[in-house]
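Asker: So here's model_12.txt (compact mmCIF, C-alpha atoms).
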```
# COMPACT_ATOMS: atom_id res chain seq x y z
CA MET L 1 28.86 -50.65 -98.58
CA THR L 2 25.10 -50.98 -98.32
CA SER L 3 23.78 -47.44 -98.00
CA PRO L 4 21.31 -46.63 -95.22
CA ALA L 5 18.03 -45.07 -96.27
CA SER L 6 18.22 -41.30 -96.41
CA VAL L 7 16.55 -39.59 -93.45
CA ARG L 8 15.24 -36.04 -93.75
CA PHE L 9 13.72 -34.00 -90.97
CA VAL L 10 11.28 -31.38 -92.20
CA GLU L 11 8.89 -28.96 -90.56
CA THR L 12 5.43 -30.41 -90.09
CA ASP L 13 3.24 -29.69 -93.12
CA LEU L 14 -0.26 -31.01 -92.51
CA ASP L 15 -1.33 -30.14 -96.06
CA ALA L 16 1.31 -32.50 -97.51
CA ILE L 17 0.02 -35.58 -95.69
CA ALA L 18 -2.74 -36.44 -98.15
CA THR L 19 -0.33 -36.70 -101.09
CA ALA L 20 2.55 -38.48 -99.32
CA GLU L 21 3.39 -41.71 -101.12
CA GLY L 22 4.49 -45.10 -99.84
CA ARG L 23 3.64 -45.29 -96.14
CA VAL L 24 2.48 -42.69 -93.65
CA ALA L 25 3.04 -43.24 -89.92
CA VAL L 26 1.18 -41.44 -87.14
CA ILE L 27 1.74 -41.46 -83.40
CA VAL L 28 -0.97 -42.41 -80.93
CA THR L 29 -0.32 -42.50 -77.20
CA PRO L 30 -1.15 -45.69 -75.28
CA ASP L 31 -4.28 -43.99 -73.93
CA GLY L 32 -5.46 -43.18 -77.46
CA LYS L 33 -4.56 -39.50 -77.81
CA LEU L 34 -3.63 -38.09 -81.24
CA ASP L 35 -1.30 -35.19 -82.02
CA PRO L 36 -2.16 -32.59 -84.71
CA GLY L 37 -0.80 -34.84 -87.47
CA GLY L 38 -2.86 -37.75 -86.24
CA ARG L 39 -5.98 -35.60 -86.06
CA ARG L 40 -5.44 -34.45 -89.64
CA VAL L 41 -5.05 -38.06 -90.78
CA ASN L 42 -8.20 -38.96 -88.89
CA ARG L 43 -10.13 -36.30 -90.81
CA LEU L 44 -8.62 -37.34 -94.14
CA THR L 45 -9.57 -40.96 -93.53
CA ARG L 46 -13.08 -39.99 -92.39
CA GLY L 47 -12.57 -41.04 -88.81
CA ALA L 48 -10.73 -44.31 -89.42
CA LEU L 49 -8.22 -43.63 -86.64
CA ALA L 50 -10.92 -42.76 -84.14
CA ARG L 51 -12.81 -45.94 -84.99
CA LEU L 52 -9.60 -47.95 -84.64
CA ILE L 53 -8.99 -46.55 -81.16
CA GLU L 54 -12.61 -46.74 -80.02
CA GLY L 55 -12.83 -50.32 -81.28
CA GLY L 56 -10.18 -51.45 -78.81
CA ALA L 57 -7.32 -51.96 -81.27
CA LEU L 58 -4.89 -50.56 -78.69
CA ASP L 59 -5.89 -53.07 -76.03
CA GLY L 60 -2.90 -55.21 -75.12
CA LYS L 61 -0.54 -53.17 -77.28
CA GLU L 62 2.80 -52.13 -75.83
CA ALA L 63 4.74 -48.95 -76.44
CA GLY L 64 6.57 -49.37 -79.73
CA ASP L 65 3.93 -51.58 -81.37
CA VAL L 66 2.57 -50.68 -84.81
CA ILE L 67 -0.89 -51.30 -86.29
CA THR L 68 -1.19 -51.09 -90.08
CA LEU L 69 -4.19 -50.01 -92.15
CA ASP L 70 -3.69 -50.90 -95.82
CA TRP L 71 -4.85 -48.63 -98.63
CA PRO L 72 -6.42 -46.00 -96.35
CA SER L 73 -9.19 -43.91 -97.84
CA GLY L 74 -8.31 -40.24 -98.29
CA LEU L 75 -4.54 -40.81 -98.51
CA ALA L 76 -2.30 -41.40 -101.51
CA ALA L 77 -0.17 -43.69 -99.33
CA ARG L 78 -0.54 -47.43 -99.74
CA ALA L 79 -0.49 -47.97 -95.97
CA LEU L 80 -1.08 -46.07 -92.74
CA ASP L 81 1.05 -47.22 -89.81
CA VAL L 82 -0.29 -46.34 -86.36
CA VAL L 83 2.57 -46.23 -83.86
CA VAL L 84 1.70 -46.72 -80.19
CA LEU L 85 4.20 -44.49 -78.42
CA PRO L 86 4.21 -42.06 -75.48
CA ARG L 87 5.45 -38.62 -76.45
CA ASN L 88 8.24 -38.88 -73.85
CA ALA L 89 9.26 -42.45 -74.78
CA ASP L 90 12.82 -43.37 -73.85
CA ALA L 91 15.49 -44.14 -76.46
CA GLU L 92 15.04 -47.92 -76.39
CA THR L 93 11.27 -47.76 -76.81
CA SER L 94 11.61 -45.14 -79.55
CA ARG L 95 14.04 -47.35 -81.45
CA ARG L 96 11.75 -50.35 -81.05
CA ALA L 97 8.96 -48.36 -82.67
CA GLY L 98 11.34 -47.43 -85.46
CA VAL L 99 12.26 -51.09 -85.95
CA ALA L 100 8.60 -51.95 -86.44
CA LEU L 101 8.28 -49.16 -88.99
CA GLY L 102 11.44 -50.26 -90.79
CA ARG L 103 10.14 -53.83 -91.00
CA ALA L 104 6.92 -52.61 -92.60
CA LYS L 105 8.65 -50.02 -94.79
CA GLY L 106 10.64 -52.37 -96.98
CA ASP L 107 12.04 -50.26 -99.80
CA LYS L 108 9.06 -47.88 -99.97
CA PRO L 109 9.15 -44.22 -98.87
CA LEU L 110 8.00 -43.49 -95.34
CA THR L 111 6.62 -40.26 -93.93
CA LEU L 112 6.53 -40.19 -90.13
CA LEU L 113 4.42 -37.52 -88.47
CA GLY L 114 6.72 -36.98 -85.51
CA GLY L 115 4.61 -34.25 -83.97
CA THR L 116 5.84 -33.55 -80.46
CA LEU L 117 7.90 -36.72 -80.04
CA LYS L 118 10.76 -36.25 -77.62
CA ARG L 119 13.17 -38.52 -79.53
CA PRO L 120 12.28 -38.59 -83.25
CA ALA L 121 15.93 -39.25 -84.11
CA GLU L 122 15.86 -42.52 -82.18
CA VAL L 123 12.73 -43.65 -84.03
CA ALA L 124 14.46 -42.85 -87.31
CA LEU L 125 17.55 -44.84 -86.29
CA GLY L 126 15.46 -47.91 -85.51
CA ALA L 127 13.75 -47.68 -88.90
CA VAL L 128 17.05 -47.28 -90.74
CA LEU L 129 18.71 -50.24 -89.02
CA ARG L 130 15.72 -52.55 -89.57
CA ALA L 131 15.48 -51.64 -93.26
CA TYR L 132 18.98 -53.04 -93.91
CA ASP L 133 19.07 -55.46 -96.85
CA PHE L 134 22.27 -57.14 -98.04
CA ALA L 135 21.83 -57.21 -101.81
CA ALA L 136 25.43 -57.08 -103.03
CA HIS L 137 25.26 -60.48 -104.71
CA LYS L 138 21.62 -60.62 -105.72
CA THR L 139 20.78 -60.90 -109.41
CA GLY L 140 18.19 -58.89 -111.25
CA ASP L 141 16.97 -55.43 -110.38
CA ILE L 142 17.95 -54.27 -106.91
CA ALA L 143 15.38 -52.10 -105.15
CA VAL L 144 16.67 -48.74 -103.95
CA GLN L 145 15.83 -47.69 -100.40
CA GLU L 146 13.43 -44.77 -100.55
CA ASP L 147 13.67 -41.85 -98.14
CA ILE L 148 12.41 -41.64 -94.59
CA ILE L 149 10.84 -38.23 -94.02
CA VAL L 150 10.17 -37.18 -90.44
CA MET L 151 7.89 -34.21 -89.86
CA VAL L 152 8.73 -32.43 -86.61
CA ARG L 153 8.39 -29.02 -84.98
CA ASP L 154 12.12 -28.34 -84.92
CA PRO L 155 13.91 -30.00 -87.87
CA GLY L 156 17.25 -28.46 -86.91
CA ALA L 157 17.27 -29.96 -83.44
CA ALA L 158 16.14 -33.35 -84.76
CA GLU L 159 18.85 -33.36 -87.42
CA ALA L 160 21.49 -32.42 -84.85
CA ALA L 161 20.38 -35.35 -82.68
CA PHE L 162 20.37 -37.74 -85.64
CA SER L 163 23.74 -36.72 -87.11
CA PRO L 164 25.86 -38.96 -84.81
CA LEU L 165 23.23 -41.72 -85.08
CA ARG L 166 23.56 -41.62 -88.87
CA GLU L 167 27.26 -42.39 -88.44
CA VAL L 168 26.38 -45.25 -86.09
CA ALA L 169 24.05 -46.65 -88.76
CA GLU L 170 26.78 -46.43 -91.40
CA GLY L 171 29.16 -48.30 -89.11
CA VAL L 172 26.55 -50.98 -88.41
CA PHE L 173 25.86 -51.38 -92.13
CA LEU L 174 29.57 -51.75 -92.90
CA THR L 175 29.92 -54.39 -90.18
CA ARG L 176 26.87 -56.27 -91.42
CA ASP L 177 28.19 -56.20 -94.98
CA LEU L 178 31.53 -57.65 -93.87
CA VAL L 179 29.79 -60.37 -91.85
CA ASN L 180 27.43 -61.24 -94.70
CA ALA L 181 30.00 -61.25 -97.51
CA PRO L 182 30.95 -64.79 -98.62
CA ALA L 183 34.55 -65.82 -97.92
CA ASN L 184 35.34 -66.37 -101.60
CA HIS L 185 34.49 -62.71 -102.17
CA LEU L 186 35.81 -61.13 -98.99
CA THR L 187 39.30 -62.60 -99.17
CA THR L 188 42.01 -61.47 -96.78
CA THR L 189 43.28 -59.06 -99.43
CA ALA L 190 39.81 -57.59 -99.94
CA PHE L 191 39.32 -57.37 -96.18
CA VAL L 192 42.59 -55.45 -95.83
CA ALA L 193 41.39 -53.00 -98.48
CA GLU L 194 38.19 -52.41 -96.51
CA ILE L 195 40.19 -51.82 -93.33
CA GLU L 196 42.66 -49.47 -95.01
CA ALA L 197 39.74 -47.41 -96.30
CA LEU L 198 38.98 -46.50 -92.67
CA SER L 199 42.05 -44.27 -92.71
CA ALA L 200 39.88 -41.69 -94.49
CA LEU L 201 37.90 -41.42 -91.24
CA GLY L 202 40.99 -40.72 -89.16
CA VAL L 203 41.79 -44.28 -88.11
CA LYS L 204 45.51 -45.10 -88.16
CA VAL L 205 45.83 -48.45 -89.95
CA THR L 206 48.97 -50.59 -89.98
CA VAL L 207 48.90 -53.83 -91.97
CA LEU L 208 51.54 -56.52 -91.51
CA ASP L 209 52.17 -59.03 -94.29
CA GLU L 210 53.32 -62.63 -93.82
CA ALA L 211 57.03 -61.74 -93.84
CA GLU L 212 56.58 -59.15 -91.11
CA MET L 213 54.42 -61.49 -89.06
CA GLU L 214 57.01 -64.26 -89.33
CA ARG L 215 59.77 -61.90 -88.28
CA LEU L 216 57.76 -61.01 -85.18
CA GLY L 217 57.27 -64.68 -84.29
CA MET L 218 53.55 -64.88 -85.05
CA GLY L 219 53.67 -68.51 -86.06
CA ALA L 220 50.40 -69.38 -84.32
CA LEU L 221 48.57 -66.86 -86.47
CA LEU L 222 50.41 -67.78 -89.66
CA CYS L 223 49.62 -71.48 -89.33
CA VAL L 224 45.90 -70.70 -89.54
CA GLY L 225 46.33 -69.38 -93.07
CA GLN L 226 48.56 -72.16 -94.36
CA GLY L 227 47.13 -73.85 -97.42
CA SER L 228 44.96 -70.87 -98.32
CA THR L 229 45.38 -69.03 -101.60
CA SER L 230 44.80 -65.79 -99.70
CA PRO L 231 47.85 -64.52 -97.81
CA SER L 232 47.68 -63.87 -94.08
CA HIS L 233 47.64 -60.30 -92.78
CA LEU L 234 47.45 -58.64 -89.40
CA ALA L 235 45.76 -55.26 -89.22
CA VAL L 236 46.31 -52.88 -86.32
CA MET L 237 43.77 -50.07 -86.07
CA GLU L 238 44.33 -47.08 -83.77
CA TRP L 239 41.94 -44.25 -83.01
CA GLN L 240 43.97 -41.35 -81.69
CA GLY L 241 41.26 -38.70 -81.81
```
Could you take the file, read its structure, and then write that structure out as structure tokens?
Answerer:
Amino acid sequence: MTSPASVRFVETDLDAIATAEGRVAVIVTPDGKLDPGGRRVNRLTRGALARLIEGGALDGKEAGDVITLDWPSGLAARALDVVVLPRNADAETSRRAGVALGRAKGDKPLTLLGGTLKRPAEVALGAVLRAYDFAAHKTGDIAVQEDIIVMVRDPGAAEAAFSPLREVAEGVFLTRDLVNAPANHLTTTAFVAEIEALSALGVKVTVLDEAEMERLGMGALLCVGQGSTSPSHLAVMEWQG
């Protein structure tokens, strides 16, 4: 399965911003206010954020939009992403901001200065889902997804909120992999193996082969697979938790 980018929530460390590699993301409210992380970045970049805001760059921007400054002075990062987001943004808007960050991130590391965001876990989920890349059959060197680091006031609470979302992301990635896999690779036998692996998660899996399906009178299903080199199967999955 394609592995989601690792997400780590850490306590805000303003002194670590200057040396963060890859991309750094800061939050600015729609009315142009910066949190402590944003103010530190503004000082490091010699007022670049203030000039961006005062120059009207936020005009017409919606919550969840991202403005990128490439190769910002004063930072080791290759790009500074300015996220337009209210501190109390709802889950959908927070995820939309994360999607924009994930699109820009690619396979590079990302440090998000979450500050006082109400839903940093939702932003992280959006970034993880957007960074998905199906590379199972690509040739050559495959880029590895670098970490997403989210600086927040309360890492424990953010991690607790993200824990179930991480499982959602893993389920989405598995589904996307199965949809994207070519049929000559994901044969019925291979598909059954993927389904049976779900038993490790507590799913009760029952797989019927062609003989069992015929005995149960499932001719309409069996006729679909006639002429295929891959045998027909019927999988029944039950969640009894």
Asker: Using Å and a single decimal, report how far CA of Gly106 (chain L) sits from CA of Gly38 (chain L).
Answerer: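 Going from CA of Gly38 (chain L) over to CA of Gly106 (chain L), I get 22.6 Å.
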Asker: Would you mind telling me which residue in L:Gly225, L:Pro30, L:Gly171, L:Gly55 lies nearest to Thr187 (chain L) when using only C-alpha atoms?
Answerer: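 Once distances to Thr187 (chain L) are computed over only C-alpha atoms, the minimum belongs to L:Gly225.
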Asker: List as a PyMOL selection string: which residues have an atom within 9 Å of (14.1, -46.7, -86.2), counting only C-alpha atoms?
Answerer: chain L and resi 94-102+120-131
Asker: Here is a test: counting all atoms listed in the file, which residue of L:Gly227, L:Pro155, L:Pro72, L:Gly60 is nearest to Arg8 (chain L)?
Answerer: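 Of the candidates, the smallest distance to Arg8 (chain L) is held by L:Pro155.
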Asker: Once you count only C-alpha atoms, which residues end up no further than 12 Å from (-9.4, -47.4, -80.7) in the file's frame, shown as a VMD selection string?
Answerer: chain L and resid 28 to 34 42 47 to 61 67 82 84
Asker: Excluding Thr12 (chain L) and any residue of its chain fewer than 2 positions from it, enumerate the residues within 9 Å of it, using only C-alpha atoms, and give them as a PyMOL selection string.
Answerer: chain L and resi 10+14+16+37+113-115+150-155
Asker: For Arg46 (chain L), which of L:Val7, L:Ala211, L:Leu75, L:Met218 is the closest residue, counting all atoms listed in the file?
Answerer: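 Nearest candidate to Arg46 (chain L) out of L:Val7, L:Ala211, L:Leu75, L:Met218: L:Leu75.
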Asker: Smallest atom-to-atom distance to Ile27 (chain L): which of L:Ala197, L:Leu117, L:Met1, L:Ala169, using only C-alpha atoms?
Answerer: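 Closest candidate: L:Leu117.
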Asker: Find, counting only C-alpha atoms, the residue in L:Ala135, L:Thr68, L:Gln240, L:Met213 that gets nearest to Phe173 (chain L).
Answerer: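 Among L:Ala135, L:Thr68, L:Gln240, L:Met213, it is L:Ala135 that comes nearest to Phe173 (chain L).
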Asker: May I ask which of the residues L:Leu234, L:Gly202, L:Thr189, L:Ala136 is the closest one to Thr2 (chain L), counting all atoms listed in the file?
Answerer: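 Residue with the minimum atom-to-atom distance to Thr2 (chain L): L:Ala136.
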Asker: One decimal, in Å: what's the spacing between CA of Leu221 (chain L) and CA of Ala181 (chain L)?
Answerer: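 Taking CA of Leu221 (chain L) as the start and CA of Ala181 (chain L) as the end point, the length is 22.3 Å.
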Asker: For Val24 (chain L), work out the shell of residues within 6 Å, counting only C-alpha atoms and skipping chain neighbours fewer than 3 positions away, then give it as a list in words.
Answerer: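 Non-adjacent residues within range: Leu80, Leu110, Thr111 and Leu112 of chain L.
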